[in-house]
>>> print(open('query.cif').read())   # mmCIF, C-alpha atoms
data_input
#
loop_
_atom_site.label_atom_id
_atom_site.label_comp_id
_atom_site.auth_asym_id
_atom_site.auth_seq_id
_atom_site.Cartn_x
_atom_site.Cartn_y
_atom_site.Cartn_z
CA MET Q 1 -17.65 4.83 -1.09
CA PRO Q 2 -20.60 6.76 -2.48
CA PHE Q 3 -20.77 8.92 -5.56
CA GLY Q 4 -22.28 12.31 -4.98
CA PRO Q 5 -21.96 15.43 -2.86
CA ASN Q 6 -22.15 13.66 0.52
CA PRO Q 7 -19.03 12.77 2.54
CA ARG Q 8 -17.72 9.26 3.04
CA VAL Q 9 -18.37 8.17 6.60
CA GLY Q 10 -17.82 4.88 8.44
CA ARG Q 11 -18.95 3.82 11.92
CA VAL Q 12 -18.03 0.98 14.30
CA LEU Q 13 -20.02 0.14 17.46
CA LEU Q 14 -18.09 -1.42 20.34
CA ALA Q 15 -19.49 -3.09 23.45
CA ALA Q 16 -18.24 -2.30 26.93
CA ASP Q 17 -15.74 -5.17 26.74
CA GLY Q 18 -14.39 -3.99 23.34
CA THR Q 19 -16.12 -6.52 21.07
CA VAL Q 20 -17.45 -5.26 17.75
CA LEU Q 21 -21.25 -5.06 17.71
CA ALA Q 22 -21.76 -3.76 14.18
CA GLU Q 23 -20.23 -1.70 11.38
CA GLY Q 24 -21.97 0.80 9.15
CA ARG Q 25 -21.24 3.22 6.34
CA HIS Q 26 -22.96 5.85 4.26
CA ARG Q 27 -23.79 4.70 0.73
CA GLY Q 28 -24.83 7.96 -0.93
CA ALA Q 29 -27.31 10.79 -0.85
CA GLY Q 30 -30.74 9.72 0.39
CA THR Q 31 -29.49 6.53 2.09
CA ALA Q 32 -29.02 5.94 5.80
CA HIS Q 33 -26.06 7.65 7.43
CA ALA Q 34 -23.25 5.57 8.92
CA GLU Q 35 -24.63 5.92 12.46
CA ALA Q 36 -28.12 4.78 11.50
CA ASP Q 37 -26.74 1.96 9.36
CA ALA Q 38 -24.57 0.62 12.20
CA LEU Q 39 -27.41 0.86 14.73
CA ALA Q 40 -29.78 -0.98 12.41
CA ARG Q 41 -27.29 -3.81 11.98
CA ALA Q 42 -26.66 -4.01 15.73
CA ARG Q 43 -30.39 -4.22 16.52
CA GLN Q 44 -30.68 -7.39 14.45
CA ALA Q 45 -28.83 -9.35 17.14
CA PRO Q 46 -30.81 -10.72 20.14
CA GLY Q 47 -30.64 -8.50 23.23
CA ALA Q 48 -29.39 -5.57 21.22
CA ALA Q 49 -31.20 -2.93 23.30
CA ALA Q 50 -29.31 -3.89 26.45
CA THR Q 51 -26.01 -4.26 24.60
CA LEU Q 52 -26.18 -0.81 23.01
CA ARG Q 53 -26.65 0.87 26.38
CA GLY Q 54 -23.24 2.19 27.36
CA ALA Q 55 -21.61 1.21 24.07
CA THR Q 56 -18.89 3.19 22.27
CA ALA Q 57 -19.25 4.55 18.75
CA VAL Q 58 -16.14 5.20 16.64
CA VAL Q 59 -16.81 7.37 13.59
CA THR Q 60 -14.59 8.90 10.90
CA LEU Q 61 -16.55 12.18 10.77
CA GLU Q 62 -18.44 14.17 13.39
CA PRO Q 63 -22.10 13.07 13.65
CA CYS Q 64 -24.42 15.51 11.93
CA ASP Q 65 -26.93 17.55 13.89
CA HIS Q 66 -29.32 18.64 11.17
CA THR Q 67 -32.34 17.20 9.37
CA GLY Q 68 -32.09 16.65 5.63
CA ARG Q 69 -33.35 13.62 3.75
CA THR Q 70 -32.70 11.68 6.96
CA GLY Q 71 -32.84 12.62 10.62
CA PRO Q 72 -29.89 13.87 12.69
CA CYS Q 73 -27.33 11.26 13.69
CA THR Q 74 -26.94 12.76 17.16
CA GLN Q 75 -30.59 12.00 17.96
CA ALA Q 76 -30.16 8.37 16.83
CA LEU Q 77 -27.13 7.93 19.09
CA LEU Q 78 -28.88 9.44 22.09
CA GLU Q 79 -31.95 7.27 21.62
CA ALA Q 80 -29.78 4.15 21.43
CA GLY Q 81 -28.05 4.97 24.72
CA ILE Q 82 -24.50 5.40 23.36
CA SER Q 83 -22.34 6.71 26.19
CA ARG Q 84 -19.02 7.36 24.40
CA VAL Q 85 -18.22 8.63 20.90
CA VAL Q 86 -14.76 8.75 19.30
CA VAL Q 87 -14.54 11.25 16.41
CA ALA Q 88 -11.61 11.14 13.99
CA ARG Q 89 -12.41 14.45 12.27
CA GLN Q 90 -14.74 17.37 12.89
CA ASP Q 91 -17.32 18.29 10.27
CA PRO Q 92 -16.23 21.42 8.31
CA ASN Q 93 -19.74 21.89 6.88
CA PRO Q 94 -21.43 24.65 8.90
CA GLN Q 95 -24.89 23.31 8.02
CA ALA Q 96 -24.22 19.90 9.57
CA ALA Q 97 -21.68 20.74 12.29
CA GLY Q 98 -22.53 20.94 15.97
CA GLY Q 99 -22.90 17.26 16.69
CA ILE Q 100 -20.05 17.18 19.22
CA ASP Q 101 -21.57 20.03 21.26
CA ARG Q 102 -24.99 18.37 21.15
CA LEU Q 103 -23.64 15.05 22.43
CA ARG Q 104 -21.59 16.65 25.19
CA ALA Q 105 -24.55 18.70 26.33
CA ALA Q 106 -26.54 15.46 26.66
CA GLY Q 107 -23.84 13.89 28.86
CA VAL Q 108 -22.09 11.75 26.22
CA GLU Q 109 -18.30 11.50 26.44
CA VAL Q 110 -16.77 12.69 23.16
CA VAL Q 111 -13.13 11.90 22.37
CA GLY Q 112 -11.47 13.84 19.57
CA ASP Q 113 -7.83 13.08 20.26
CA VAL Q 114 -7.03 10.13 17.99
CA PRO Q 115 -3.64 8.85 16.73
CA ALA Q 116 -2.06 10.91 14.00
CA ASP Q 117 -2.17 8.14 11.41
CA LEU Q 118 -5.90 7.58 11.94
CA ALA Q 119 -6.58 11.33 11.74
CA ALA Q 120 -4.62 11.55 8.47
CA THR Q 121 -6.56 8.62 7.01
CA ALA Q 122 -9.88 10.22 7.95
CA ALA Q 123 -8.78 13.52 6.39
CA ALA Q 124 -7.70 11.84 3.14
CA LEU Q 125 -11.02 10.00 2.92
CA ASN Q 126 -12.93 13.24 2.20
CA ARG Q 127 -10.33 15.40 0.47
CA GLY Q 128 -12.57 16.04 -2.50
CA TRP Q 129 -15.65 16.73 -0.40
CA GLU Q 130 -13.87 19.21 1.89
CA HIS Q 131 -12.25 20.92 -1.10
CA GLY Q 132 -15.66 21.39 -2.70
CA LEU Q 133 -17.02 23.10 0.42
CA GLY Q 134 -14.52 25.91 0.14
CA ALA Q 135 -13.79 26.12 -3.58
CA SER Q 136 -17.17 25.10 -5.07
CA ARG Q 137 -15.36 22.94 -7.60
CA PRO Q 138 -14.03 19.38 -7.62
CA LEU Q 139 -10.61 18.43 -6.39
CA VAL Q 140 -8.40 17.62 -9.39
CA THR Q 141 -5.68 14.98 -9.33
CA ALA Q 142 -3.55 15.30 -12.47
CA LYS Q 143 -1.63 12.30 -13.79
CA THR Q 144 1.21 12.50 -16.26
CA ALA Q 145 4.25 10.41 -17.16
CA LEU Q 146 7.55 11.59 -18.65
CA THR Q 147 10.87 10.00 -19.37
CA LEU Q 148 14.07 11.50 -17.96
CA ASP Q 149 14.74 13.20 -21.31
CA GLY Q 150 11.34 14.94 -21.23
CA ARG Q 151 9.31 12.70 -23.53
CA ALA Q 152 5.84 11.24 -23.12
CA ALA Q 153 6.16 8.50 -25.76
CA ALA Q 154 8.53 7.15 -28.37
CA VAL Q 155 9.27 9.42 -31.31
CA ASP Q 156 7.81 7.03 -33.87
CA GLY Q 157 4.68 6.43 -31.78
CA THR Q 158 5.32 2.71 -31.29
CA SER Q 159 5.40 2.76 -27.50
CA ARG Q 160 2.20 2.01 -25.65
CA TRP Q 161 3.48 2.71 -22.13
CA ILE Q 162 6.56 4.41 -20.77
CA THR Q 163 5.84 3.33 -17.19
CA GLY Q 164 6.16 -0.04 -15.55
CA PRO Q 165 3.48 -2.38 -14.15
CA ALA Q 166 3.78 -0.99 -10.61
CA ALA Q 167 3.07 2.58 -11.75
CA ARG Q 168 0.10 1.53 -13.88
CA GLU Q 169 -1.34 -0.50 -11.03
CA GLU Q 170 -1.12 2.51 -8.73
CA VAL Q 171 -2.86 4.73 -11.29
CA HIS Q 172 -5.78 2.32 -11.61
CA ARG Q 173 -6.00 1.94 -7.84
CA SER Q 174 -6.13 5.73 -7.43
CA ARG Q 175 -9.02 5.87 -9.92
CA THR Q 176 -11.15 3.87 -7.48
CA THR Q 177 -10.92 6.77 -5.01
CA CYS Q 178 -12.09 9.36 -7.58
CA ASP Q 179 -15.63 10.14 -8.68
CA ALA Q 180 -14.76 10.77 -12.34
CA VAL Q 181 -11.93 10.64 -14.87
CA LEU Q 182 -11.67 13.64 -17.20
CA VAL Q 183 -9.78 13.84 -20.50
CA GLY Q 184 -9.66 16.26 -23.38
CA THR Q 185 -10.51 15.96 -27.05
CA GLY Q 186 -7.02 14.93 -28.16
CA THR Q 187 -6.82 12.02 -25.75
CA ALA Q 188 -10.33 10.83 -26.55
CA ARG Q 189 -9.69 10.94 -30.30
CA SER Q 190 -6.27 9.33 -30.38
CA ASP Q 191 -6.56 6.74 -27.60
CA ARG Q 192 -10.32 6.06 -27.40
CA PRO Q 193 -9.84 5.19 -23.71
CA THR Q 194 -12.40 3.38 -21.58
CA LEU Q 195 -11.14 5.19 -18.44
CA THR Q 196 -11.99 2.30 -16.16
CA ALA Q 197 -10.19 1.13 -13.02
CA ARG Q 198 -8.63 -2.24 -13.79
CA ARG Q 199 -6.56 -4.78 -11.91
CA PRO Q 200 -3.25 -6.10 -13.33
CA ASP Q 201 -5.07 -9.15 -14.72
CA GLY Q 202 -7.52 -6.95 -16.67
CA THR Q 203 -10.56 -7.40 -14.44
CA LEU Q 204 -12.46 -4.36 -13.20
CA HIS Q 205 -12.40 -3.03 -9.66
CA ALA Q 206 -15.65 -3.03 -7.72
CA ARG Q 207 -15.80 0.76 -7.64
CA GLN Q 208 -15.61 2.46 -11.03
CA PRO Q 209 -15.28 6.21 -11.71
CA ARG Q 210 -17.45 8.03 -14.19
CA ALA Q 211 -15.80 8.82 -17.50
CA SER Q 212 -16.08 12.35 -18.88
CA TRP Q 213 -14.73 14.10 -22.00
CA TRP Q 214 -14.69 17.82 -22.62
CA ALA Q 215 -15.09 18.45 -26.31
CA PRO Q 216 -16.91 20.72 -28.79
CA PRO Q 217 -20.72 20.22 -28.90
CA ARG Q 218 -20.61 18.56 -32.35
CA TRP Q 219 -17.80 16.16 -31.49
CA ARG Q 220 -18.78 12.52 -31.94
CA THR Q 221 -17.99 9.82 -29.41
CA SER Q 222 -17.46 6.12 -29.96
CA PRO Q 223 -20.17 3.56 -29.02
CA ARG Q 224 -18.34 2.41 -25.90
CA GLN Q 225 -17.93 6.03 -24.79
CA ARG Q 226 -21.71 6.46 -25.13
CA ALA Q 227 -22.45 3.61 -22.71
CA PRO Q 228 -25.63 4.12 -20.66
CA GLY Q 229 -25.08 5.95 -17.41
CA ARG Q 230 -21.58 7.22 -18.20
CA ARG Q 231 -22.68 10.73 -19.36
CA PRO Q 232 -19.32 11.32 -21.03
CA HIS Q 233 -19.76 14.40 -23.19
CA LEU Q 234 -19.21 17.87 -21.71
CA PRO Q 235 -19.96 20.33 -24.55
CA THR Q 236 -17.15 22.76 -23.77
CA ARG Q 237 -13.43 23.16 -24.25
CA ASP Q 238 -13.00 25.30 -21.14
CA PRO Q 239 -11.61 23.28 -18.20
CA SER Q 240 -13.22 25.62 -15.67
CA ALA Q 241 -16.64 25.17 -17.27
CA ALA Q 242 -16.15 21.41 -17.39
CA LEU Q 243 -15.29 21.29 -13.68
CA ALA Q 244 -18.28 23.47 -12.84
CA THR Q 245 -20.58 21.09 -14.72
CA LEU Q 246 -19.13 18.09 -12.93
CA PHE Q 247 -19.53 19.82 -9.57
CA ASP Q 248 -23.21 20.45 -10.32
CA ARG Q 249 -23.57 16.72 -11.04
CA GLY Q 250 -22.25 15.85 -7.60
CA ILE Q 251 -18.65 15.06 -8.59
CA ARG Q 252 -16.18 16.03 -5.88
CA HIS Q 253 -12.90 14.37 -6.93
CA VAL Q 254 -11.72 14.28 -10.55
CA ALA Q 255 -8.73 12.44 -11.98
CA ALA Q 256 -7.45 14.40 -14.99
CA ARG Q 257 -5.53 12.43 -17.57
CA GLY Q 258 -3.34 14.20 -20.12
CA ARG Q 259 -1.49 12.98 -23.18
CA THR Q 260 1.36 14.59 -25.06
CA HIS Q 261 1.57 13.93 -28.80
CA PRO Q 262 4.05 11.09 -29.32
CA ARG Q 263 5.92 12.94 -32.08
CA ARG Q 264 6.13 16.25 -30.25
CA ARG Q 265 9.41 17.21 -28.64
CA LEU Q 266 10.08 19.77 -25.96
CA PRO Q 267 11.62 22.96 -27.43
CA PRO Q 268 15.30 23.56 -26.59
CA ARG Q 269 16.23 26.31 -24.18
CA ARG Q 270 17.14 29.63 -25.67
CA ALA Q 271 20.70 30.76 -25.19
CA ARG Q 272 21.07 33.39 -22.50
CA ARG Q 273 22.49 36.77 -23.38
CA ARG Q 274 25.91 37.41 -21.92
CA ALA Q 275 25.88 39.67 -18.88
CA ASP Q 276 28.81 41.79 -20.13
CA ARG Q 277 27.16 42.40 -23.48
CA ALA Q 278 25.01 45.50 -23.75
CA PRO Q 279 21.67 45.06 -25.56
CA ARG Q 280 21.56 46.38 -29.09
CA PRO Q 281 19.19 49.15 -30.11
CA HIS Q 282 15.91 48.04 -31.59
CA SER Q 283 16.89 49.16 -35.09
CA ALA Q 284 20.18 47.24 -34.96
CA ARG Q 285 18.79 43.98 -33.61
CA ARG Q 286 19.04 41.04 -35.90
CA ARG Q 287 16.08 38.89 -36.66
CA PRO Q 288 16.37 35.60 -34.74
CA PRO Q 289 17.01 32.57 -36.93
CA ARG Q 290 14.04 30.40 -37.74
CA ARG Q 291 13.88 27.15 -35.86
CA ARG Q 292 14.21 24.08 -37.97
CA ARG Q 293 12.02 21.09 -37.33
CA PRO Q 294 14.01 18.17 -35.85
CA ARG Q 295 14.95 15.50 -38.35
CA ASP Q 296 13.22 12.78 -36.35
CA HIS Q 297 9.97 14.69 -36.09
CA HIS Q 298 8.12 12.69 -38.71
CA PRO Q 299 7.38 9.06 -37.80
CA ARG Q 300 8.24 7.82 -41.33
CA ARG Q 301 11.78 9.01 -40.91
CA ALA Q 302 12.83 6.11 -38.73
CA ALA Q 303 16.18 6.02 -37.01
CA ARG Q 304 18.78 4.28 -39.16
CA PRO Q 305 22.26 3.16 -38.21
CA GLY Q 306 24.95 5.60 -39.23
CA THR Q 307 22.57 8.43 -40.16
CA GLY Q 308 23.03 10.36 -36.91
CA ARG Q 309 19.32 10.61 -36.34
CA ARG Q 310 17.97 10.36 -32.83
CA ARG Q 311 16.69 6.95 -31.82
CA PRO Q 312 13.54 6.56 -29.74
CA ALA Q 313 14.23 6.07 -26.03
CA PRO Q 314 13.60 2.48 -24.88
CA THR Q 315 10.65 1.81 -22.64
CA PRO Q 316 11.87 1.47 -19.03
CA GLY Q 317 10.90 -1.37 -16.74
CA GLY Q 318 8.99 -1.16 -13.49
CA ALA Q 319 12.13 -0.92 -11.37
CA ALA Q 320 13.26 2.20 -13.27
CA ASP Q 321 10.10 4.21 -12.57
CA LEU Q 322 10.39 7.29 -10.37
CA ARG Q 323 7.54 8.79 -8.38
CA LEU Q 324 7.46 12.55 -7.77
CA THR Q 325 4.93 14.00 -5.33
CA LEU Q 326 4.29 17.76 -5.42
CA ARG Q 327 2.68 19.44 -2.43
CA PRO Q 328 1.65 23.10 -1.91
CA ARG Q 329 4.15 25.31 -0.10
CA THR Q 330 3.24 25.68 3.57
CA THR Q 331 6.03 28.04 4.66
CA PRO Q 332 6.07 31.70 3.57
CA THR Q 333 8.45 32.56 0.76
CA PRO Q 334 11.45 34.71 1.75
CA ALA Q 335 11.21 38.38 0.93
#
>>> encode(input="query.cif", output="structure tokens")
Amino acid sequence: MPFGPNPRVGRVLLAADGTVLAEGRHRGAGTAHAEADALARARQAPGAAATLRGATAVVTLEPCDHTGRTGPCTQALLEAGISRVVVARQDPNPQAAGGIDRLRAAGVEVVGDVPADLAATAAALNRGWEHGLGASRPLVTAKTALTLDGRAAAVDGTSRWITGPAAREEVHRSRTTCDAVLVGTGTARSDRPTLTARRPDGTLHARQPRASWWAPPRWRTSPRQRAPGRRPHLPTRDPSAALATLFDRGIRHVAARGRTHPRRRLPPRRARRRADRAPRPHSARRRPPRRRRPRDHHPRRAARPGTGRRRPAPTPGGAADLRLTLRPRTTPTPA
């Protein structure tokens, strides 16, 4: 899957009897498109010219019909003699769309009705790219972890994780689908993270996201954060400005990682005013009492038996993890 502003596209060429002739994919801006890559691989076999005549091309995204750094994919398919094209998703980019109409006008059978699961997979493949076309900013996937009592870490700061191995494995696997991982100054200072995509055994995945920090211009990074090619420092504390900079660098999908201070607790809810009690005049209102800092706020004040102080919540295992998926509302809200 390429880094950069281009979509992720894959192509499979099938012979008349259904055998696979070749597979191709797009590897980034300036490289051959998936159609050209698959045709080049198929032409390496003996008798490829006769085999490609009347073949079927299955592609995840509509073939482009414009000339950029490379030629149009529709022209390459027509020159090869492809007679049938199966498209999993139409191209939403108005500059490159029109490939289906071009192929049909040339007499090529174009099939756009694919199974629902394949269409959903093709749509998820380019979520960040399609989001950038309309919003002109990267798609942001935010990751956070909380215990059932609303904490992000143990009170005394001794816990390293509050999630289990299965949740951490899923987080690292999701990083392989993102172009960059973005954190703020607090996370970079306290954790000094590498922001890599790792397997459970500690080895790195083949595809690694770019690591980025938004921080003041004079903020210093560690040597491993200044690794060549990572371009970590974004000299701003504005998330919108940081996303705009990443979008200009060709980033289309960002994984945002947040971190709550381990000694910080969520504030308690304020007591609601009784409905049958009339509000007092402004002059007669009492000043609200000052909130006292919780006794277990400081890490040196450890929980002791018999003192009544709150003990840190134990770290749960993998089987106790809960996954919550939030999706935008699709139905109109009632009036």
>>> closest_residue(input="query.cif", among="Q:Leu195, Q:Cys178, Q:Leu39, Q:Ala32", to="Arg257 in chain Q", atoms="all atoms listed in the file")
Q:Leu195
>>> closest_atom_pairs(input="query.cif", of="range 79-115 of chain Q", to="range 122-129 of chain Q", cutoff="10 Å", atoms="only C-alpha atoms", output="CSV")
residue,atom,partner,partner_atom,distance
Q:Val87,CA,Q:Ala122,CA,9.7
Q:Ala88,CA,Q:Ala122,CA,6.3
Q:Arg89,CA,Q:Ala122,CA,6.6
Q:Gln90,CA,Q:Ala123,CA,9.6
Q:Pro92,CA,Q:Trp129,CA,9.9
Q:Asn93,CA,Q:Trp129,CA,9.8
>>> write_last_selection(input="query.cif", atoms="C-alpha atoms", output="mmCIF file, in the coordinates of the input")
data_model
loop_
_atom_site.group_PDB
_atom_site.id
_atom_site.type_symbol
_atom_site.label_atom_id
_atom_site.label_comp_id
_atom_site.auth_asym_id
_atom_site.auth_seq_id
_atom_site.Cartn_x
_atom_site.Cartn_y
_atom_site.Cartn_z
ATOM 1 C CA VAL Q 87 -14.540 11.250 16.410
ATOM 2 C CA ALA Q 88 -11.610 11.140 13.990
ATOM 3 C CA ARG Q 89 -12.410 14.450 12.270
ATOM 4 C CA GLN Q 90 -14.740 17.370 12.890
ATOM 5 C CA PRO Q 92 -16.230 21.420 8.310
ATOM 6 C CA ASN Q 93 -19.740 21.890 6.880
#
>>> atom_distance(input="query.cif", atom1="CA of Thr141 in chain Q", atom2="CA of Ala116 in chain Q")
24.0 Å
>>> resolve_selection(input="query.cif", expression="the PyMOL selection byres ((chain Q and resi 67) around 12)", output="MDAnalysis selection string")
chainID Q and resid 30 33 63:66 68:76 95:97 99
>>> resolve_selection(input="query.cif", expression="the PyMOL selection byres ((chain Q and resi 114) around 12)", output="CSV table (one decimal) with C-alpha atoms, keeping the file's coordinate frame")
chain,number,residue,atom,x,y,z
Q,58,VAL,CA,-16.1,5.2,16.6
Q,59,VAL,CA,-16.8,7.4,13.6
Q,60,THR,CA,-14.6,8.9,10.9
Q,85,VAL,CA,-18.2,8.6,20.9
Q,86,VAL,CA,-14.8,8.8,19.3
Q,87,VAL,CA,-14.5,11.2,16.4
Q,88,ALA,CA,-11.6,11.1,14.0
Q,89,ARG,CA,-12.4,14.4,12.3
Q,90,GLN,CA,-14.7,17.4,12.9
Q,110,VAL,CA,-16.8,12.7,23.2
Q,111,VAL,CA,-13.1,11.9,22.4
Q,112,GLY,CA,-11.5,13.8,19.6
Q,113,ASP,CA,-7.8,13.1,20.3
Q,115,PRO,CA,-3.6,8.8,16.7
Q,116,ALA,CA,-2.1,10.9,14.0
Q,117,ASP,CA,-2.2,8.1,11.4
Q,118,LEU,CA,-5.9,7.6,11.9
Q,119,ALA,CA,-6.6,11.3,11.7
Q,120,ALA,CA,-4.6,11.6,8.5
Q,121,THR,CA,-6.6,8.6,7.0
Q,122,ALA,CA,-9.9,10.2,8.0
>>> atom_distance(input="query.cif", atom1="CA of Ile251 in chain Q", atom2="CA of Asp179 in chain Q")
5.8 Å
